[in-house]
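Trainee: Okay, here's the structure, questions in a sec.
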Amino acid sequence: MTAKGVLTEERIREIIARMTPEEKVRLCSGKDFWNTEDYGAHGVPSIMVADGPHGLRKQVVNIDHLGIATSVPATCFPTAATLASSWDRELLTQVGRALAEECRKESVSVVLGPGINIKRHPLCGRNFEYYSEDPFLAGELAAAFIGGVQGEGIGTSLKHYAVNNQEYHRMVTDAVVDERTLREIYLAGFEAAVKQARPWTVMSAYNRVNGEYCSDSRRLLTGILRDEWGFDGVVVSDWGGTNDRVAGLAAGMDLEMPSSGKAFDNEVLAALREGRLAMEDLDASAARILTLVMKSQCPPPRDSACDMEAHHRLARRAAAESTVLLKNQEGILPLQRQGTIAVIGEMAATPRYQGHGSSLINPAHLDCALEEIRAGAGSAAVTYARGYSLDTDKTDRALLAEAVECARGADRVVIFAGLPPIFESEGYDRRDMAMPENHNELIREISLANRNVIVVLSNGSPVAMPWIDGVKGVLESYLGGEASGGGAADVLFGAVNPGGRLAETFPFSEEDTAAHRYFPGVPRQVQYREGLYVGYRYFDTAGKGVRFPFGYGLSYTTFEYSDLGIAKHSEESVTVTLRITNTGGAAGHETVQCYVHDPVTSVHRPEQELKGFRKVFLKPGESAKVSIPLDRRSFAYYDVASGDWRVEPGDFEIRVGASSRDIRLRKTVALSPPFAPAEGDRPSPDEYRYPKSECFEISDGAFAALLGRPVPPAEGDRPYHLNTTMAEARKRLFGRLLYTLVRREAMKLWGGKIDAMTRRIIESGVAEAPLRSMVLMTGGQFRFGFVRGIVDILNGHVFRGIRGMLGGGKKTPQ
């Protein structure tokens with residue numbers, strides 16, 4: 001754009017005043033799959049958005065939102081689940097800056113991330129793309145990442161807003177959740193990121209919340225997001241996630257993506273004429289989109305070249321510093337660079353370093369752990385055996401025998417194992433926490449042949465470890481990105497002291513979680529009956545044993561905590577201070593975690609909640625003073641009756657430690673804030689006040705008391721409608737024929753041989769997609785009238801349906 005045509009706030013107002021209603025409506029939908037509309041006559045350029053968030057997924061030729069088609073080479077940083085284990089705000093900021101540099105190089109204005117949804121259950125197939133089970137930690141890390149990206153003049157899209165915690169029927173399910181749980185668990189991270197980092201965009205989720213689609217919810221998108229939190233950016237739909245465009249614009253959902261080929265235009269224009277949609281709402285959305293374009297045209301804050309080699313080095317450091325040392329019996333790690341090291345497992349040679357779906361990155365450079373171990377082994381002899389095949393979960397006896405023989409005479413054995421790509425992905429949830437049986441059997445057999453076994457795990461979410469008592473060392477590397485192999489080698493040999501700490505609890509089994517009885521629900525509804533008791537909030541309150549607790553991680557050194565002090569600044573805020581000393585023989589990081597416990601409360605509260613943390617680096621013998629501020633929200637709960645956060649007067653116990661189960665120091669502080677019970681206060685049911693460690697089950701009455709209304713029944717699948725899924729339509733003969741045709745065409749779209757991973761993603765995507773997706777994800781190749789005809793036939797109105805399907809034009813339903 002010329003200087004004369006640069007968008008300014010004044011120019012935006014002028015453009016809005018000159019634009020016709022048709023132009024405004026078009027502006028509020030994408031130009032194509034990844035670009036916004038441009039208007040040369042008004043001096044408005046198009047901008048490009050692209051998937052992330054742990055790297056840039058820019059597609060140039062073939063396009064999709066499932067990570068199937070290829071994209072430009074980019075640095076594949078560790079996934080969110082991995083980076084969260086660093087508990088390192090500055091590291092997240094640095095990764096954000098590097099990602100922004102690659103966006104600028106590729107002329108991408110907004111990267112679609114970070115994902116901040118809560119890990120309600122370990123089986124969510126997309127957990128690798130999210131930070132934590134804890135909203136405070138998730139919000140802090142998201143804010144740091146956003147600050148890094150946007151500090152370089154590139155926008156972010158905070159997603160998926162809100163209560164999007166499973167892949168099963170994600171586009172139609174209704175998340176039934178009480179208001180207090182919504183505020184304290186599922187919105188709190190979004191709130192922190194919005195207030196601290198001001199993301200340029202927020203992405204609305206596919207699902208419904210308490211009966212209303214997120215993209216249609218004025219309460220979520222305007223009442224809470226804009227009016228309460230002060231968000232002033234663009235709300236963009238998830239791809240194909242627009243339900244009712246008129247309701248969406250009225251709610252504050254500004255930008256429909258991708259382009260639906262003007263499928264909604266006539267309906268929106270009719271709503272304007274009839275007064276069902278206010279022109280002020282359309283103008284507001286158009287102005288916000290133009291403001292986004294204006295931000296994207298500003299010159300970068302600093303002239304920074306895109307150094308891909310430097311980014312790879314950063315990715316390696318991030319992978320190493322995010323690695324969690326789970327077990328180190330007899331100090332088996334770090335490895336000595338002498339003797340014989342047997343490396344076993346196909347994942348050592350064929351790394352599992354990222355998840356599948358819209359976040360799938362085409363790595364610019366890919367490390368191999370086996371080669372990195374060989375390069376760093378010094379005089380040690382390194383042998384290798386494949387051990388298993390990633391193409392199956394069945395044990396290959398010949399590969400197993402070869403691996404046992406390789407391990408038998410080695411001084412140390414390092415097994416690379418975990419979850420193959422097909423076990424977890426966007427689009428579907430995991431079946432259980434088990435690793436493939438051929439991985440488990442390999443570890444068991446090797447540990448019988450050699451006592452000195454270390455297991456390096458590659459997985460996006462917690463796994464069961466039936467073999468753990470037979471091995472001496474376990475490293476959780478999660479999905480460490482393109483440099484995961486080098487990062488693993490750095491930790492194994494002690495070049496990097498593992499400073500990672502778990503950002504989620506590792507239960508013994510998925511059945512141990514409070515949400516398990518209610519996850520993933522039925523196709524059109526999931527009930528969040530466990531309330532606040534997600535992750536450690538449940539395990540610590542119920543006193544239930546876990547494999548590894550939240551915040552846990554070992555080190556190659558030791559740390560001492562001392563001198564806990566609390567300075568009160570008001571009756572609602574304090575600063576916690578303490579001293580940390582490295583008492584071991586190696587330099588390393590320690591993550592100091594601060595939890596708040598309310599011993600006497602009028603409402604049910606978890607045993608303790610994370611409210612602050614600091615990561616410090618200390619040399620052997622070095623000591624440092626650590627300060628952690630706690631504000632009003634650190635002590636507050638959300639009071640439904642008053643619609644506000646409230647702090648009850650009384651004593652609060654401040655707990656400081658190395659994990660939620662390793663509290664080193666405690667101290668009580670008395671607070672006396674103004675407080676009066678609000679009218680309409682509802683007492684907490686005993687089932688929530690005293691959660692059981694066994695058979696955690698919430699009655700209809702208790703859940704209804706929490707909701708403040710009767711528990712709604714799950715929506716039925718009849719009569720059929722635009723949000724009927726292909727899976728539901730298959731119950732009729734015509735629906736089965738339709739499903740078969742759509743599935744066949746989806747498979748043909750990608751051509752050639754389709755691997756099992758891609759096949760499963762496509763099959764799940766087709767089966768659980770609502771019929772409206774035929775319009776929204778094809779750029780308007782199908783008309784709403786055509787799809788309504790399908791709905792009529794499914795409902796038994798055959799002749800009317802045929803007329804609708806055969807009708808001409810691309811009109812939207814009136």
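As shown in the structure tokens, the chain order sets the letters A, B, ...; within each chain, residues go from 1, and ligands are also counted from 1 in the order they appear.
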Go through segment 699-768 of chain A and collect every residue that DSSP, computed from the backbone, puts in helix (DSSP H, G or I); the answer should be as number ranges by chain.

Mentor: A: 700-707, 726-729, 733-750, 756-767

Trainee: Write out as JSON lines the residues of segment 317-429 of chain A that have any atom within 6 Å of an atom of segment 477-495 of chain A, one row each with the nearest atom pair and its distance in Å to one decimal, counting only C-alpha atoms, sorted by chain and then rising number.

Mentor:
{"residue": "A:Ala319", "atom": "CA", "partner": "A:Gly480", "partner_atom": "CA", "distance": 5.0}
{"residue": "A:Ala320", "atom": "CA", "partner": "A:Gly487", "partner_atom": "CA", "distance": 4.2}
{"residue": "A:Thr323", "atom": "CA", "partner": "A:Ser477", "partner_atom": "CA", "distance": 4.7}
{"residue": "A:Pro334", "atom": "CA", "partner": "A:Phe493", "partner_atom": "CA", "distance": 5.0}
{"residue": "A:Leu335", "atom": "CA", "partner": "A:Phe493", "partner_atom": "CA", "distance": 4.9}
{"residue": "A:Tyr353", "atom": "CA", "partner": "A:Leu479", "partner_atom": "CA", "distance": 4.4}
{"residue": "A:Gln354", "atom": "CA", "partner": "A:Leu479", "partner_atom": "CA", "distance": 5.0}
{"residue": "A:Leu366", "atom": "CA", "partner": "A:Glu482", "partner_atom": "CA", "distance": 4.7}
{"residue": "A:Asp367", "atom": "CA", "partner": "A:Ala483", "partner_atom": "CA", "distance": 5.1}
{"residue": "A:Cys368", "atom": "CA", "partner": "A:Gly485", "partner_atom": "CA", "distance": 4.9}
{"residue": "A:Ala369", "atom": "CA", "partner": "A:Gly485", "partner_atom": "CA", "distance": 3.6}
{"residue": "A:Glu372", "atom": "CA", "partner": "A:Gly486", "partner_atom": "CA", "distance": 5.5}
{"residue": "A:Ile373", "atom": "CA", "partner": "A:Ala489", "partner_atom": "CA", "distance": 5.3}

Trainee: Using only C-alpha atoms, which residues sit within 7 Å of Ala142 of chain A once same-chain residues fewer than 6 positions away are excluded, as a PyMOL selection string?

Mentor: chain A and resi 114+116+193

Trainee: List the spatial neighbours of Pro683 of chain A as JSON, numbers by chain - criterion: any atom at most 10 Å away, only C-alpha atoms, same-chain residues fewer than 3 positions off excluded.

Mentor: {"A": [602, 603, 604, 680, 686, 689, 705, 706]}

Trainee: Would you put the residues from that selection into a file with all heavy atoms, as a compact mmCIF listing (two decimals), in the first residue's frame?

Mentor:
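Output saved as part05.txt:
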# COMPACT_ATOMS: atom_id res chain seq x y z
N SER A 602 -16.95 -21.38 52.88
CA SER A 602 -18.39 -21.62 52.82
C SER A 602 -18.80 -22.39 51.57
O SER A 602 -19.93 -22.86 51.48
CB SER A 602 -19.14 -20.28 52.87
OG SER A 602 -18.86 -19.51 51.71
N VAL A 603 -17.89 -22.50 50.60
CA VAL A 603 -18.18 -23.23 49.36
C VAL A 603 -17.12 -24.31 49.18
O VAL A 603 -16.06 -24.28 49.80
CB VAL A 603 -18.17 -22.28 48.14
CG1 VAL A 603 -19.27 -21.24 48.25
CG2 VAL A 603 -16.81 -21.61 47.97
N HIS A 604 -17.42 -25.28 48.32
CA HIS A 604 -16.43 -26.32 48.07
C HIS A 604 -15.27 -25.74 47.27
O HIS A 604 -15.47 -24.97 46.32
CB HIS A 604 -17.05 -27.51 47.34
CG HIS A 604 -17.44 -27.26 45.91
ND1 HIS A 604 -18.58 -26.56 45.56
CD2 HIS A 604 -16.84 -27.61 44.74
CE1 HIS A 604 -18.68 -26.50 44.25
NE2 HIS A 604 -17.63 -27.12 43.71
N GLY A 680 -29.07 -15.28 47.31
CA GLY A 680 -29.15 -16.38 46.35
C GLY A 680 -27.98 -17.33 46.42
O GLY A 680 -27.85 -18.21 45.57
N ASP A 686 -22.74 -31.96 49.30
CA ASP A 686 -21.68 -32.73 49.97
C ASP A 686 -20.84 -33.53 48.98
O ASP A 686 -19.65 -33.75 49.22
CB ASP A 686 -22.29 -33.68 51.01
CG ASP A 686 -22.72 -32.94 52.26
OD1 ASP A 686 -22.36 -31.75 52.41
OD2 ASP A 686 -23.42 -33.55 53.09
N ARG A 689 -18.21 -31.22 48.18
CA ARG A 689 -17.38 -30.82 49.32
C ARG A 689 -16.42 -31.93 49.72
O ARG A 689 -15.29 -31.66 50.14
CB ARG A 689 -18.27 -30.48 50.53
CG ARG A 689 -18.79 -29.06 50.52
CD ARG A 689 -19.42 -28.73 51.87
NE ARG A 689 -19.72 -27.33 52.01
CZ ARG A 689 -18.85 -26.38 52.35
NH1 ARG A 689 -17.61 -26.72 52.60
NH2 ARG A 689 -19.23 -25.13 52.46
N ALA A 705 -28.01 -28.99 41.31
CA ALA A 705 -27.78 -27.92 42.28
C ALA A 705 -26.64 -27.02 41.85
O ALA A 705 -26.70 -25.80 42.01
CB ALA A 705 -27.49 -28.52 43.66
N LEU A 706 -25.61 -27.62 41.28
CA LEU A 706 -24.47 -26.85 40.80
C LEU A 706 -24.87 -26.01 39.59
O LEU A 706 -24.47 -24.85 39.45
CB LEU A 706 -23.32 -27.80 40.43
CG LEU A 706 -21.90 -27.32 40.76
CD1 LEU A 706 -21.76 -27.06 42.25
CD2 LEU A 706 -20.87 -28.33 40.30

Trainee: Just list as a ChimeraX atom specification whatever in segment 71-185 of chain A DSSP marks as strand (DSSP E).

Mentor: /A:73-74,110-112,155-161,174-176

Trainee: Rounded to one decimal in Å, what is the spacing between atom CA of Gln166 of chain A and atom CA of Arg537 of chain A?

Mentor: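 Computing it gives 19.5 Å between the two atoms.
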
Trainee: Leaving out segment 118-120 of chain A and any residue of its chain fewer than 6 positions from it, which residues lie within 7 Å of it when counting only C-alpha atoms, given as a PyMOL selection string?

Mentor: chain A and resi 127+132-135+165+186+534

Trainee: Restrict the selected residues to N, CA and C atoms and save them as a PDB file, in the first residue's frame.

Mentor:
ATOM      1  N   ASN A 127      -4.626 -33.315  23.144  1.00  0.00           N
ATOM      2  CA  ASN A 127      -3.955 -32.787  24.326  1.00  0.00           C
ATOM      3  C   ASN A 127      -2.533 -32.319  24.044  1.00  0.00           C
ATOM      4  N   SER A 132      -1.947 -27.377  29.607  1.00  0.00           N
ATOM      5  CA  SER A 132      -1.998 -27.897  30.974  1.00  0.00           C
ATOM      6  C   SER A 132      -3.408 -28.237  31.419  1.00  0.00           C
ATOM      7  N   GLU A 133      -3.479 -28.943  32.541  1.00  0.00           N
ATOM      8  CA  GLU A 133      -4.742 -29.161  33.241  1.00  0.00           C
ATOM      9  C   GLU A 133      -5.059 -27.995  34.166  1.00  0.00           C
ATOM     10  N   ASP A 134      -4.098 -27.085  34.337  1.00  0.00           N
ATOM     11  CA  ASP A 134      -4.255 -25.971  35.274  1.00  0.00           C
ATOM     12  C   ASP A 134      -4.416 -24.660  34.516  1.00  0.00           C
ATOM     13  N   PRO A 135      -5.487 -23.902  34.769  1.00  0.00           N
ATOM     14  CA  PRO A 135      -5.725 -22.667  34.014  1.00  0.00           C
ATOM     15  C   PRO A 135      -4.724 -21.557  34.302  1.00  0.00           C
ATOM     16  N   ASN A 165     -12.810 -29.623  24.923  1.00  0.00           N
ATOM     17  CA  ASN A 165     -11.874 -30.501  25.633  1.00  0.00           C
ATOM     18  C   ASN A 165     -11.907 -31.937  25.166  1.00  0.00           C
ATOM     19  N   TYR A 186     -12.385 -23.317  32.968  1.00  0.00           N
ATOM     20  CA  TYR A 186     -12.357 -23.328  31.506  1.00  0.00           C
ATOM     21  C   TYR A 186     -12.250 -21.950  30.855  1.00  0.00           C
ATOM     22  N   VAL A 534     -10.566 -31.151  38.326  1.00  0.00           N
ATOM     23  CA  VAL A 534      -9.803 -31.535  37.139  1.00  0.00           C
ATOM     24  C   VAL A 534      -8.346 -31.716  37.540  1.00  0.00           C
TER      25      VAL A 534
END

Trainee: Quick one: residues within 12 Å of Met19 of chain A, only C-alpha atoms counted, chain neighbours fewer than 2 positions away excluded, as a VMD selection string?

Mentor: chain A and resid 12 to 17 21 to 27 39 41 to 44 282 to 283 286 to 287

Trainee: For atom CA of Glu371 of chain A and atom CA of Ala434 of chain A, quote the distance in Å rounded to one decimal.

Mentor: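 So the two atoms, atom CA of Glu371 of chain A and atom CA of Ala434 of chain A, lie 28.3 Å apart.
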
Trainee: If we count only C-alpha atoms and set the cut-off at 12 Å, which residues sit around segment 786-796 of chain A, ignoring sequence neighbours fewer than 6 positions away in its own chain? Please answer as JSON, numbers by chain.

Mentor: {"A": [263, 717, 718, 719, 720, 721, 722, 723, 724, 725, 726, 728, 729, 730, 731, 732, 733, 734, 735, 736, 737, 738, 739, 770, 771, 772, 773, 774, 775, 776, 780, 802, 803, 804, 805, 806, 807, 808, 809, 810, 811, 812, 813, 814]}

Trainee: Quick one: of A:Phe652, A:Phe799, A:Tyr161, A:Tyr131, who's nearest to Ile566 of chain A, counting only C-alpha atoms?

Mentor: A:Phe652
